[in-house]
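Enquirer: Sharing upload_38.pdb (PDB, C-alpha atoms and all ligand atoms) below.
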ATOM      1  CA  MET A   1      35.073  -7.130  12.637  1.00  0.00           C
ATOM      2  CA  SER A   2      33.043  -3.966  13.001  1.00  0.00           C
ATOM      3  CA  HIS A   3      29.295  -4.084  12.530  1.00  0.00           C
ATOM      4  CA  SER A   4      28.715  -0.335  12.499  1.00  0.00           C
ATOM      5  CA  ALA A   5      25.977   0.410   9.949  1.00  0.00           C
ATOM      6  CA  GLU A   6      27.139   2.465   7.022  1.00  0.00           C
ATOM      7  CA  PRO A   7      24.482   4.826   5.633  1.00  0.00           C
ATOM      8  CA  ASP A   8      22.906   3.405   2.497  1.00  0.00           C
ATOM      9  CA  PRO A   9      23.704   5.974  -0.234  1.00  0.00           C
ATOM     10  CA  SER A  10      20.573   4.975  -2.182  1.00  0.00           C
ATOM     11  CA  VAL A  11      18.283   6.132   0.667  1.00  0.00           C
ATOM     12  CA  PRO A  12      18.040   9.914   0.927  1.00  0.00           C
ATOM     13  CA  ASP A  13      18.570  11.387   4.366  1.00  0.00           C
ATOM     14  CA  ALA A  14      15.386  13.103   5.646  1.00  0.00           C
ATOM     15  CA  ALA A  15      17.416  15.737   7.464  1.00  0.00           C
ATOM     16  CA  SER A  16      19.097  16.987   4.308  1.00  0.00           C
ATOM     17  CA  PHE A  17      16.377  16.095   1.797  1.00  0.00           C
ATOM     18  CA  LYS A  18      14.940  19.024  -0.139  1.00  0.00           C
ATOM     19  CA  PRO A  19      12.198  18.564  -2.729  1.00  0.00           C
ATOM     20  CA  SER A  20      13.050  20.093  -6.084  1.00  0.00           C
ATOM     21  CA  ARG A  21       9.612  21.690  -6.438  1.00  0.00           C
ATOM     22  CA  THR A  22       6.821  22.983  -4.220  1.00  0.00           C
ATOM     23  CA  VAL A  23       4.961  20.067  -2.641  1.00  0.00           C
ATOM     24  CA  VAL A  24       1.226  20.513  -3.147  1.00  0.00           C
ATOM     25  CA  LEU A  25      -1.096  18.602  -0.841  1.00  0.00           C
ATOM     26  CA  VAL A  26      -4.510  17.748  -2.264  1.00  0.00           C
ATOM     27  CA  GLY A  27      -7.442  15.763  -0.904  1.00  0.00           C
ATOM     28  CA  LEU A  28     -10.878  16.090   0.577  1.00  0.00           C
ATOM     29  CA  MET A  29     -11.834  18.257   3.528  1.00  0.00           C
ATOM     30  CA  GLY A  30     -10.555  16.559   6.667  1.00  0.00           C
ATOM     31  CA  SER A  31      -7.778  14.640   4.923  1.00  0.00           C
ATOM     32  CA  GLY A  32      -5.156  16.540   6.938  1.00  0.00           C
ATOM     33  CA  LYS A  33      -3.638  18.744   4.240  1.00  0.00           C
ATOM     34  CA  SER A  34      -3.043  21.684   6.579  1.00  0.00           C
ATOM     35  CA  SER A  35      -1.917  19.776   9.677  1.00  0.00           C
ATOM     36  CA  VAL A  36       0.289  17.364   7.715  1.00  0.00           C
ATOM     37  CA  GLY A  37       1.600  20.217   5.567  1.00  0.00           C
ATOM     38  CA  ARG A  38       2.571  22.363   8.527  1.00  0.00           C
ATOM     39  CA  LYS A  39       4.521  19.538  10.166  1.00  0.00           C
ATOM     40  CA  LEU A  40       6.075  18.399   6.908  1.00  0.00           C
ATOM     41  CA  ALA A  41       7.315  21.934   6.292  1.00  0.00           C
ATOM     42  CA  HIS A  42       8.805  22.008   9.761  1.00  0.00           C
ATOM     43  CA  ARG A  43      10.581  18.671   9.202  1.00  0.00           C
ATOM     44  CA  LEU A  44      12.033  19.876   5.907  1.00  0.00           C
ATOM     45  CA  ALA A  45      12.766  23.399   7.143  1.00  0.00           C
ATOM     46  CA  LEU A  46      10.681  24.820   4.308  1.00  0.00           C
ATOM     47  CA  PRO A  47       8.028  27.555   4.403  1.00  0.00           C
ATOM     48  CA  PHE A  48       4.413  26.455   4.698  1.00  0.00           C
ATOM     49  CA  ARG A  49       1.524  28.096   2.845  1.00  0.00           C
ATOM     50  CA  ASP A  50      -2.157  27.336   3.203  1.00  0.00           C
ATOM     51  CA  ALA A  51      -4.075  28.407   0.098  1.00  0.00           C
ATOM     52  CA  ASP A  52      -7.338  28.858   2.055  1.00  0.00           C
ATOM     53  CA  ILE A  53      -5.663  31.284   4.452  1.00  0.00           C
ATOM     54  CA  GLU A  54      -4.049  33.177   1.578  1.00  0.00           C
ATOM     55  CA  ILE A  55      -7.451  33.509  -0.113  1.00  0.00           C
ATOM     56  CA  GLU A  56      -8.942  34.848   3.113  1.00  0.00           C
ATOM     57  CA  HIS A  57      -6.146  37.414   3.411  1.00  0.00           C
ATOM     58  CA  ALA A  58      -6.495  38.480  -0.214  1.00  0.00           C
ATOM     59  CA  ALA A  59     -10.268  38.905   0.134  1.00  0.00           C
ATOM     60  CA  GLY A  60     -10.214  40.326   3.653  1.00  0.00           C
ATOM     61  CA  LEU A  61     -13.028  37.881   4.440  1.00  0.00           C
ATOM     62  CA  SER A  62     -13.307  34.387   5.916  1.00  0.00           C
ATOM     63  CA  ILE A  63     -14.183  31.529   3.568  1.00  0.00           C
ATOM     64  CA  PRO A  64     -17.765  31.275   4.910  1.00  0.00           C
ATOM     65  CA  GLU A  65     -18.098  35.044   4.344  1.00  0.00           C
ATOM     66  CA  ILE A  66     -16.738  34.775   0.790  1.00  0.00           C
ATOM     67  CA  PHE A  67     -19.230  32.006  -0.027  1.00  0.00           C
ATOM     68  CA  ALA A  68     -22.121  33.888   1.614  1.00  0.00           C
ATOM     69  CA  THR A  69     -21.339  37.297   0.126  1.00  0.00           C
ATOM     70  CA  HIS A  70     -19.927  36.492  -3.303  1.00  0.00           C
ATOM     71  CA  GLY A  71     -20.754  32.833  -3.953  1.00  0.00           C
ATOM     72  CA  GLU A  72     -18.665  29.771  -4.722  1.00  0.00           C
ATOM     73  CA  ALA A  73     -17.689  30.811  -8.277  1.00  0.00           C
ATOM     74  CA  TYR A  74     -16.011  33.948  -6.890  1.00  0.00           C
ATOM     75  CA  PHE A  75     -14.174  31.851  -4.315  1.00  0.00           C
ATOM     76  CA  ARG A  76     -12.956  29.432  -7.009  1.00  0.00           C
ATOM     77  CA  ASP A  77     -11.691  32.296  -9.105  1.00  0.00           C
ATOM     78  CA  GLY A  78      -9.702  33.683  -6.164  1.00  0.00           C
ATOM     79  CA  GLU A  79      -8.468  30.194  -5.336  1.00  0.00           C
ATOM     80  CA  ARG A  80      -7.079  29.706  -8.853  1.00  0.00           C
ATOM     81  CA  ARG A  81      -5.279  33.050  -8.820  1.00  0.00           C
ATOM     82  CA  VAL A  82      -3.858  32.612  -5.334  1.00  0.00           C
ATOM     83  CA  ILE A  83      -2.497  29.127  -6.095  1.00  0.00           C
ATOM     84  CA  ALA A  84      -0.946  30.352  -9.356  1.00  0.00           C
ATOM     85  CA  ARG A  85       0.836  33.076  -7.388  1.00  0.00           C
ATOM     86  CA  LEU A  86       1.998  30.683  -4.658  1.00  0.00           C
ATOM     87  CA  LEU A  87       3.420  28.283  -7.242  1.00  0.00           C
ATOM     88  CA  ASP A  88       5.720  31.076  -8.392  1.00  0.00           C
ATOM     89  CA  GLU A  89       7.204  31.432  -4.906  1.00  0.00           C
ATOM     90  CA  PRO A  90      10.368  29.548  -3.906  1.00  0.00           C
ATOM     91  CA  VAL A  91       9.961  25.854  -3.036  1.00  0.00           C
ATOM     92  CA  HIS A  92       7.605  25.358  -0.108  1.00  0.00           C
ATOM     93  CA  ILE A  93       4.876  23.077   1.217  1.00  0.00           C
ATOM     94  CA  LEU A  94       1.444  24.144  -0.014  1.00  0.00           C
ATOM     95  CA  ALA A  95      -1.857  22.921   1.392  1.00  0.00           C
ATOM     96  CA  THR A  96      -4.747  23.506  -1.007  1.00  0.00           C
ATOM     97  CA  GLY A  97      -8.493  23.525  -0.354  1.00  0.00           C
ATOM     98  CA  GLY A  98     -10.323  20.335  -1.317  1.00  0.00           C
ATOM     99  CA  GLY A  99     -11.789  21.798  -4.503  1.00  0.00           C
ATOM    100  CA  ALA A 100      -8.625  23.387  -5.877  1.00  0.00           C
ATOM    101  CA  PHE A 101      -7.316  20.351  -7.778  1.00  0.00           C
ATOM    102  CA  MET A 102     -10.689  20.044  -9.549  1.00  0.00           C
ATOM    103  CA  ASP A 103      -9.867  23.131 -11.583  1.00  0.00           C
ATOM    104  CA  ALA A 104      -8.123  22.114 -14.825  1.00  0.00           C
ATOM    105  CA  ARG A 105      -5.984  25.255 -14.963  1.00  0.00           C
ATOM    106  CA  THR A 106      -4.860  24.788 -11.366  1.00  0.00           C
ATOM    107  CA  ARG A 107      -4.034  21.136 -12.073  1.00  0.00           C
ATOM    108  CA  ALA A 108      -1.965  22.183 -15.084  1.00  0.00           C
ATOM    109  CA  ALA A 109      -0.113  24.819 -13.052  1.00  0.00           C
ATOM    110  CA  ILE A 110       0.601  22.289 -10.296  1.00  0.00           C
ATOM    111  CA  ALA A 111       1.800  19.743 -12.860  1.00  0.00           C
ATOM    112  CA  ALA A 112       4.137  22.337 -14.366  1.00  0.00           C
ATOM    113  CA  LYS A 113       5.574  23.739 -11.148  1.00  0.00           C
ATOM    114  CA  GLY A 114       4.895  21.397  -8.237  1.00  0.00           C
ATOM    115  CA  ILE A 115       4.752  17.826  -6.977  1.00  0.00           C
ATOM    116  CA  SER A 116       1.190  16.883  -6.049  1.00  0.00           C
ATOM    117  CA  ILE A 117       0.403  14.491  -3.210  1.00  0.00           C
ATOM    118  CA  TRP A 118      -3.117  13.196  -2.634  1.00  0.00           C
ATOM    119  CA  LEU A 119      -3.845  12.377   0.997  1.00  0.00           C
ATOM    120  CA  ARG A 120      -6.401   9.595   0.522  1.00  0.00           C
ATOM    121  CA  VAL A 121      -8.437   9.069   3.672  1.00  0.00           C
ATOM    122  CA  GLU A 122     -11.493   6.887   4.283  1.00  0.00           C
ATOM    123  CA  LEU A 123     -14.974   8.345   4.567  1.00  0.00           C
ATOM    124  CA  ASP A 124     -15.516   7.487   8.259  1.00  0.00           C
ATOM    125  CA  GLU A 125     -12.324   9.262   9.174  1.00  0.00           C
ATOM    126  CA  LEU A 126     -13.179  12.325   7.067  1.00  0.00           C
ATOM    127  CA  VAL A 127     -16.609  12.516   8.703  1.00  0.00           C
ATOM    128  CA  ARG A 128     -15.073  12.198  12.158  1.00  0.00           C
ATOM    129  CA  ARG A 129     -12.473  14.891  11.548  1.00  0.00           C
ATOM    130  CA  THR A 130     -14.689  17.420   9.786  1.00  0.00           C
ATOM    131  CA  ALA A 131     -17.341  17.150  12.542  1.00  0.00           C
ATOM    132  CA  ARG A 132     -14.987  18.979  14.905  1.00  0.00           C
ATOM    133  CA  ARG A 133     -15.570  22.373  13.273  1.00  0.00           C
ATOM    134  CA  ASN A 134     -18.239  24.035  11.158  1.00  0.00           C
ATOM    135  CA  HIS A 135     -16.233  26.494   9.086  1.00  0.00           C
ATOM    136  CA  ARG A 136     -16.688  24.630   5.793  1.00  0.00           C
ATOM    137  CA  PRO A 137     -19.592  26.072   3.779  1.00  0.00           C
ATOM    138  CA  LEU A 138     -19.992  22.971   1.584  1.00  0.00           C
ATOM    139  CA  LEU A 139     -20.545  20.740   4.602  1.00  0.00           C
ATOM    140  CA  ASN A 140     -23.114  23.071   6.118  1.00  0.00           C
ATOM    141  CA  GLN A 141     -25.470  22.524   3.171  1.00  0.00           C
ATOM    142  CA  GLY A 142     -26.795  19.158   4.343  1.00  0.00           C
ATOM    143  CA  GLU A 143     -25.707  15.902   5.907  1.00  0.00           C
ATOM    144  CA  PRO A 144     -21.870  15.960   5.958  1.00  0.00           C
ATOM    145  CA  ARG A 145     -21.452  12.196   5.398  1.00  0.00           C
ATOM    146  CA  GLN A 146     -23.642  12.318   2.304  1.00  0.00           C
ATOM    147  CA  ILE A 147     -21.910  15.417   1.003  1.00  0.00           C
ATOM    148  CA  LEU A 148     -18.445  13.940   1.522  1.00  0.00           C
ATOM    149  CA  ALA A 149     -19.482  10.656  -0.111  1.00  0.00           C
ATOM    150  CA  GLY A 150     -20.811  12.581  -3.119  1.00  0.00           C
ATOM    151  CA  LEU A 151     -17.601  14.615  -3.370  1.00  0.00           C
ATOM    152  CA  MET A 152     -15.568  11.405  -3.196  1.00  0.00           C
ATOM    153  CA  GLU A 153     -17.354  10.063  -6.255  1.00  0.00           C
ATOM    154  CA  VAL A 154     -16.745  13.168  -8.278  1.00  0.00           C
ATOM    155  CA  ARG A 155     -13.312  14.114  -7.026  1.00  0.00           C
ATOM    156  CA  TYR A 156     -11.445  10.868  -6.410  1.00  0.00           C
ATOM    157  CA  PRO A 157     -11.006  10.058 -10.107  1.00  0.00           C
ATOM    158  CA  VAL A 158      -9.444  13.519 -10.523  1.00  0.00           C
ATOM    159  CA  TYR A 159      -7.335  13.403  -7.358  1.00  0.00           C
ATOM    160  CA  ALA A 160      -6.012  10.104  -8.717  1.00  0.00           C
ATOM    161  CA  GLY A 161      -4.051  12.164 -11.245  1.00  0.00           C
ATOM    162  CA  ALA A 162      -1.773  13.419  -8.456  1.00  0.00           C
ATOM    163  CA  ASP A 163       1.922  12.538  -8.752  1.00  0.00           C
ATOM    164  CA  ILE A 164       1.902  10.635  -5.455  1.00  0.00           C
ATOM    165  CA  ILE A 165      -0.904   9.028  -3.453  1.00  0.00           C
ATOM    166  CA  VAL A 166      -0.515   8.458   0.269  1.00  0.00           C
ATOM    167  CA  ASP A 167      -3.150   6.509   2.174  1.00  0.00           C
ATOM    168  CA  GLY A 168      -3.999   7.710   5.632  1.00  0.00           C
ATOM    169  CA  GLY A 169      -5.778   5.746   8.281  1.00  0.00           C
ATOM    170  CA  ALA A 170      -6.877   6.713  11.743  1.00  0.00           C
ATOM    171  CA  GLY A 171      -3.218   7.201  12.755  1.00  0.00           C
ATOM    172  CA  ASP A 172      -1.984  10.507  14.070  1.00  0.00           C
ATOM    173  CA  VAL A 173      -0.586  13.372  12.038  1.00  0.00           C
ATOM    174  CA  ASP A 174       3.049  12.428  12.689  1.00  0.00           C
ATOM    175  CA  GLU A 175       2.549   8.973  11.174  1.00  0.00           C
ATOM    176  CA  MET A 176       1.052  10.547   8.088  1.00  0.00           C
ATOM    177  CA  VAL A 177       3.937  13.015   7.876  1.00  0.00           C
ATOM    178  CA  ASP A 178       6.385  10.087   8.008  1.00  0.00           C
ATOM    179  CA  ARG A 179       4.589   8.347   5.179  1.00  0.00           C
ATOM    180  CA  VAL A 180       4.364  11.473   3.069  1.00  0.00           C
ATOM    181  CA  LEU A 181       8.048  12.162   3.587  1.00  0.00           C
ATOM    182  CA  ALA A 182       9.025   8.592   2.671  1.00  0.00           C
ATOM    183  CA  ALA A 183       6.873   8.760  -0.461  1.00  0.00           C
ATOM    184  CA  LEU A 184       8.338  12.085  -1.427  1.00  0.00           C
ATOM    185  CA  MET A 185      11.911  10.896  -1.002  1.00  0.00           C
ATOM    186  CA  ALA A 186      11.174   7.778  -3.058  1.00  0.00           C
ATOM    187  CA  TYR A 187       9.477   9.751  -5.831  1.00  0.00           C
ATOM    188  CA  THR A 188      11.226  10.184  -9.126  1.00  0.00           C
ATOM    189  CA  PRO A 189       9.369  12.454 -11.542  1.00  0.00           C
ATOM    190  CA  ALA A 190      10.283  10.118 -14.395  1.00  0.00           C
ATOM    191  CA  ALA A 191       7.815   7.531 -13.101  1.00  0.00           C
ATOM    192  CA  ASN A 192       4.740   7.668 -15.292  1.00  0.00           C
ATOM    193  CA  ALA A 193       2.142   6.139 -13.014  1.00  0.00           C
ATOM    194  CA  ALA A 194       1.217   7.678  -9.686  1.00  0.00           C
ATOM    195  CA  ALA A 195       3.238   6.196  -6.851  1.00  0.00           C
ATOM    196  CA  VAL A 196       0.818   4.689  -4.340  1.00  0.00           C
ATOM    197  CA  HIS A 197       1.867   4.370  -0.730  1.00  0.00           C
ATOM    198  CA  ASN A 198      -0.368   2.300   1.469  1.00  0.00           C
ATOM    199  CA  GLU A 199      -0.178   2.054   5.216  1.00  0.00           C
TER     200      GLU A 199
HETATM  201  C1  LIG A 201     -13.489  23.191  -0.052  1.00  0.00           C
HETATM  202  C2  LIG A 201     -12.553  22.866   0.915  1.00  0.00           C
HETATM  203  C3  LIG A 201     -12.097  23.829   1.930  1.00  0.00           C
HETATM  204  C4  LIG A 201     -12.240  25.268   1.410  1.00  0.00           C
HETATM  205  C5  LIG A 201     -13.639  25.528   0.942  1.00  0.00           C
HETATM  206  C6  LIG A 201     -14.073  24.550  -0.168  1.00  0.00           C
HETATM  207  C7  LIG A 201     -13.875  22.143  -1.043  1.00  0.00           C
HETATM  208  O1  LIG A 201     -10.741  23.575   2.252  1.00  0.00           O
HETATM  209  O2  LIG A 201     -11.336  25.505   0.369  1.00  0.00           O
HETATM  210  O3  LIG A 201     -14.477  25.419   2.061  1.00  0.00           O
HETATM  211  O4  LIG A 201     -14.434  22.489  -2.074  1.00  0.00           O
HETATM  212  O5  LIG A 201     -13.607  20.947  -0.781  1.00  0.00           O
HETATM  213  P1  LIG A 201     -10.246  22.276   3.100  1.00  0.00           P
HETATM  214  O6  LIG A 201     -10.185  21.122   2.157  1.00  0.00           O
HETATM  215  O7  LIG A 201      -8.889  22.694   3.582  1.00  0.00           O
HETATM  216  O8  LIG A 201     -11.213  22.093   4.206  1.00  0.00           O
END
Hey, can you dump this file as structure tokens for me?

Expert:
Amino acid sequence: MSHSAEPDPSVPDAASFKPSRTVVLVGLMGSGKSSVGRKLAHRLALPFRDADIEIEHAAGLSIPEIFATHGEAYFRDGERRVIARLLDEPVHILATGGGAFMDARTRAAIAAKGISIWLRVELDELVRRTARRNHRPLLNQGEPRQILAGLMEVRYPVYAGADIIVDGGAGDVDEMVDRVLAALMAYTPAANAAAVHNE
């Protein structure tokens, strides 16, 4: 008798899986939206867009320069418009800046046109990762741990409205990509509550 494993038709094949909508990664600074997003896009053979980079291109300025020259409100306005435009592009993987999902209009646009995934990462890990670079204006305004903890309080209840939640630990980017991909393949938009995927 042969024991060759037949593929289980109820489990989608990662190689041929294509999300039906743009996958929008949300989460705090340092949660890995850009690094996970880039690799996820590669795995799914989809384009990758990083909203922060698109905002910089549109403004012709770096994010620290936008904050310093025009202020945060101007940045948020550009962020909303850029994400609205990106959501009208063909299906892709979209990494957003940590504040983007806090905007009600952006959340509504993502809900209408995308699948949102919150990369939920613990404070220690966020502090460790964001300490590597100093290009984030919000973290240069004081003690990064305190700032991140404060943002967690305000933002986590809102991020919790994402379609899918994936918990990330200290594991590497590839592990996180695997978990995100598994969560995405298991996701059915009909589910009312957010699907939570722990490590
Ligand atoms: C911000 C996060 C940053 C960038 C800007 C503001 C925020 O993006 O959009 O500095 O408000 O959390 P990352 O989350 O990609 O670092």

Enquirer: Please provide as a list in words all residues within 12 Å of His42 (chain A), with the sequence filter that same-chain residues fewer than 3 positions apart are discarded (counting only C-alpha atoms).

Expert: Ala14, Ala15, Ser35, Val36, Gly37, Arg38, Lys39, Ala45, Leu46, Pro47, Phe48, Arg49, His92, Ile93, Asp174, Val177 and Leu181 of chain A

Enquirer: Counting only C-alpha atoms and all ligand atoms, what are the residues, protein, DNA or RNA alike, that approach ligand LIG 201 (chain A) to within 10 Å? I want them as number ranges by chain.

Expert: A: 25-35, 50-53, 55, 62-64, 66-67, 72, 75-76, 79, 95-102, 130, 134-140, 148, 151, 155

Enquirer: Would you save the residues from that selection as a PDB file, keeping the file's coordinate frame, using C-alpha atoms?

Expert:
ATOM      1  CA  LEU A  25      -1.096  18.602  -0.841  1.00  0.00           C
ATOM      2  CA  VAL A  26      -4.510  17.748  -2.264  1.00  0.00           C
ATOM      3  CA  GLY A  27      -7.442  15.763  -0.904  1.00  0.00           C
ATOM      4  CA  LEU A  28     -10.878  16.090   0.577  1.00  0.00           C
ATOM      5  CA  MET A  29     -11.834  18.257   3.528  1.00  0.00           C
ATOM      6  CA  GLY A  30     -10.555  16.559   6.667  1.00  0.00           C
ATOM      7  CA  SER A  31      -7.778  14.640   4.923  1.00  0.00           C
ATOM      8  CA  GLY A  32      -5.156  16.540   6.938  1.00  0.00           C
ATOM      9  CA  LYS A  33      -3.638  18.744   4.240  1.00  0.00           C
ATOM     10  CA  SER A  34      -3.043  21.684   6.579  1.00  0.00           C
ATOM     11  CA  SER A  35      -1.917  19.776   9.677  1.00  0.00           C
ATOM     12  CA  ASP A  50      -2.157  27.336   3.203  1.00  0.00           C
ATOM     13  CA  ALA A  51      -4.075  28.407   0.098  1.00  0.00           C
ATOM     14  CA  ASP A  52      -7.338  28.858   2.055  1.00  0.00           C
ATOM     15  CA  ILE A  53      -5.663  31.284   4.452  1.00  0.00           C
ATOM     16  CA  ILE A  55      -7.451  33.509  -0.113  1.00  0.00           C
ATOM     17  CA  SER A  62     -13.307  34.387   5.916  1.00  0.00           C
ATOM     18  CA  ILE A  63     -14.183  31.529   3.568  1.00  0.00           C
ATOM     19  CA  PRO A  64     -17.765  31.275   4.910  1.00  0.00           C
ATOM     20  CA  ILE A  66     -16.738  34.775   0.790  1.00  0.00           C
ATOM     21  CA  PHE A  67     -19.230  32.006  -0.027  1.00  0.00           C
ATOM     22  CA  GLU A  72     -18.665  29.771  -4.722  1.00  0.00           C
ATOM     23  CA  PHE A  75     -14.174  31.851  -4.315  1.00  0.00           C
ATOM     24  CA  ARG A  76     -12.956  29.432  -7.009  1.00  0.00           C
ATOM     25  CA  GLU A  79      -8.468  30.194  -5.336  1.00  0.00           C
ATOM     26  CA  ALA A  95      -1.857  22.921   1.392  1.00  0.00           C
ATOM     27  CA  THR A  96      -4.747  23.506  -1.007  1.00  0.00           C
ATOM     28  CA  GLY A  97      -8.493  23.525  -0.354  1.00  0.00           C
ATOM     29  CA  GLY A  98     -10.323  20.335  -1.317  1.00  0.00           C
ATOM     30  CA  GLY A  99     -11.789  21.798  -4.503  1.00  0.00           C
ATOM     31  CA  ALA A 100      -8.625  23.387  -5.877  1.00  0.00           C
ATOM     32  CA  PHE A 101      -7.316  20.351  -7.778  1.00  0.00           C
ATOM     33  CA  MET A 102     -10.689  20.044  -9.549  1.00  0.00           C
ATOM     34  CA  THR A 130     -14.689  17.420   9.786  1.00  0.00           C
ATOM     35  CA  ASN A 134     -18.239  24.035  11.158  1.00  0.00           C
ATOM     36  CA  HIS A 135     -16.233  26.494   9.086  1.00  0.00           C
ATOM     37  CA  ARG A 136     -16.688  24.630   5.793  1.00  0.00           C
ATOM     38  CA  PRO A 137     -19.592  26.072   3.779  1.00  0.00           C
ATOM     39  CA  LEU A 138     -19.992  22.971   1.584  1.00  0.00           C
ATOM     40  CA  LEU A 139     -20.545  20.740   4.602  1.00  0.00           C
ATOM     41  CA  ASN A 140     -23.114  23.071   6.118  1.00  0.00           C
ATOM     42  CA  LEU A 148     -18.445  13.940   1.522  1.00  0.00           C
ATOM     43  CA  LEU A 151     -17.601  14.615  -3.370  1.00  0.00           C
ATOM     44  CA  ARG A 155     -13.312  14.114  -7.026  1.00  0.00           C
TER      45      ARG A 155
END

Enquirer: Care to translate the PyMOL selection byres (((chain A and resi 127) around 8) and not hetatm) into actual residues of this file, as number ranges by chain?

Expert: A: 30, 123-126, 128-131, 144-145, 148

Enquirer: What gap, in Å, lies between CA of Lys18 (chain A) and CA of Arg81 (chain A)?

Expert: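 Between CA of Lys18 (chain A) and CA of Arg81 (chain A) the gap is 26.1 Å.
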
Enquirer: Find the axis-aligned box for region 17-25 of chain A, covering all its listed atoms and adding 5 Å on each side, and write its centre and edge lengths in Å to one decimal as lines of an AutoDock Vina configuration file.

Expert:
center_x = 7.6
center_y = 19.5
center_z = -2.3
size_x = 27.5
size_y = 16.9
size_z = 18.2

Enquirer: The PyMOL selection byres (((chain A and resi 170) around 9) and not hetatm) on the file shown: which residues, as a list in words?

Expert: Val121, Glu122, Glu125, Gly168, Gly169, Gly171 and Asp172 of chain A

Enquirer: I need the residue nearest Glu56 (chain A) from this list: A:Ala183, A:Met176, A:Val91, A:Val82. Use only C-alpha atoms for the distance.

Expert: A:Val82

Enquirer: When you draw a straight line from CA of Tyr156 (chain A) to CA of Val23 (chain A), how long is it in Å?

Expert: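 Between CA of Tyr156 (chain A) and CA of Val23 (chain A) the gap works out to 19.2 Å.
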
Enquirer: So the first atom is CA of Trp118 (chain A) and the second is CA of Ala160 (chain A); what is the distance between them in Å, to one decimal place?

Expert: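 Computed distance, CA of Trp118 (chain A) to CA of Ala160 (chain A), equals 7.4 Å.
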
Enquirer: Using only C-alpha atoms, can you tell me which of A:Ile117, A:Ala84, A:Ala162, A:Ala68 comes closest to Ala182 (chain A)?

Expert: A:Ile117
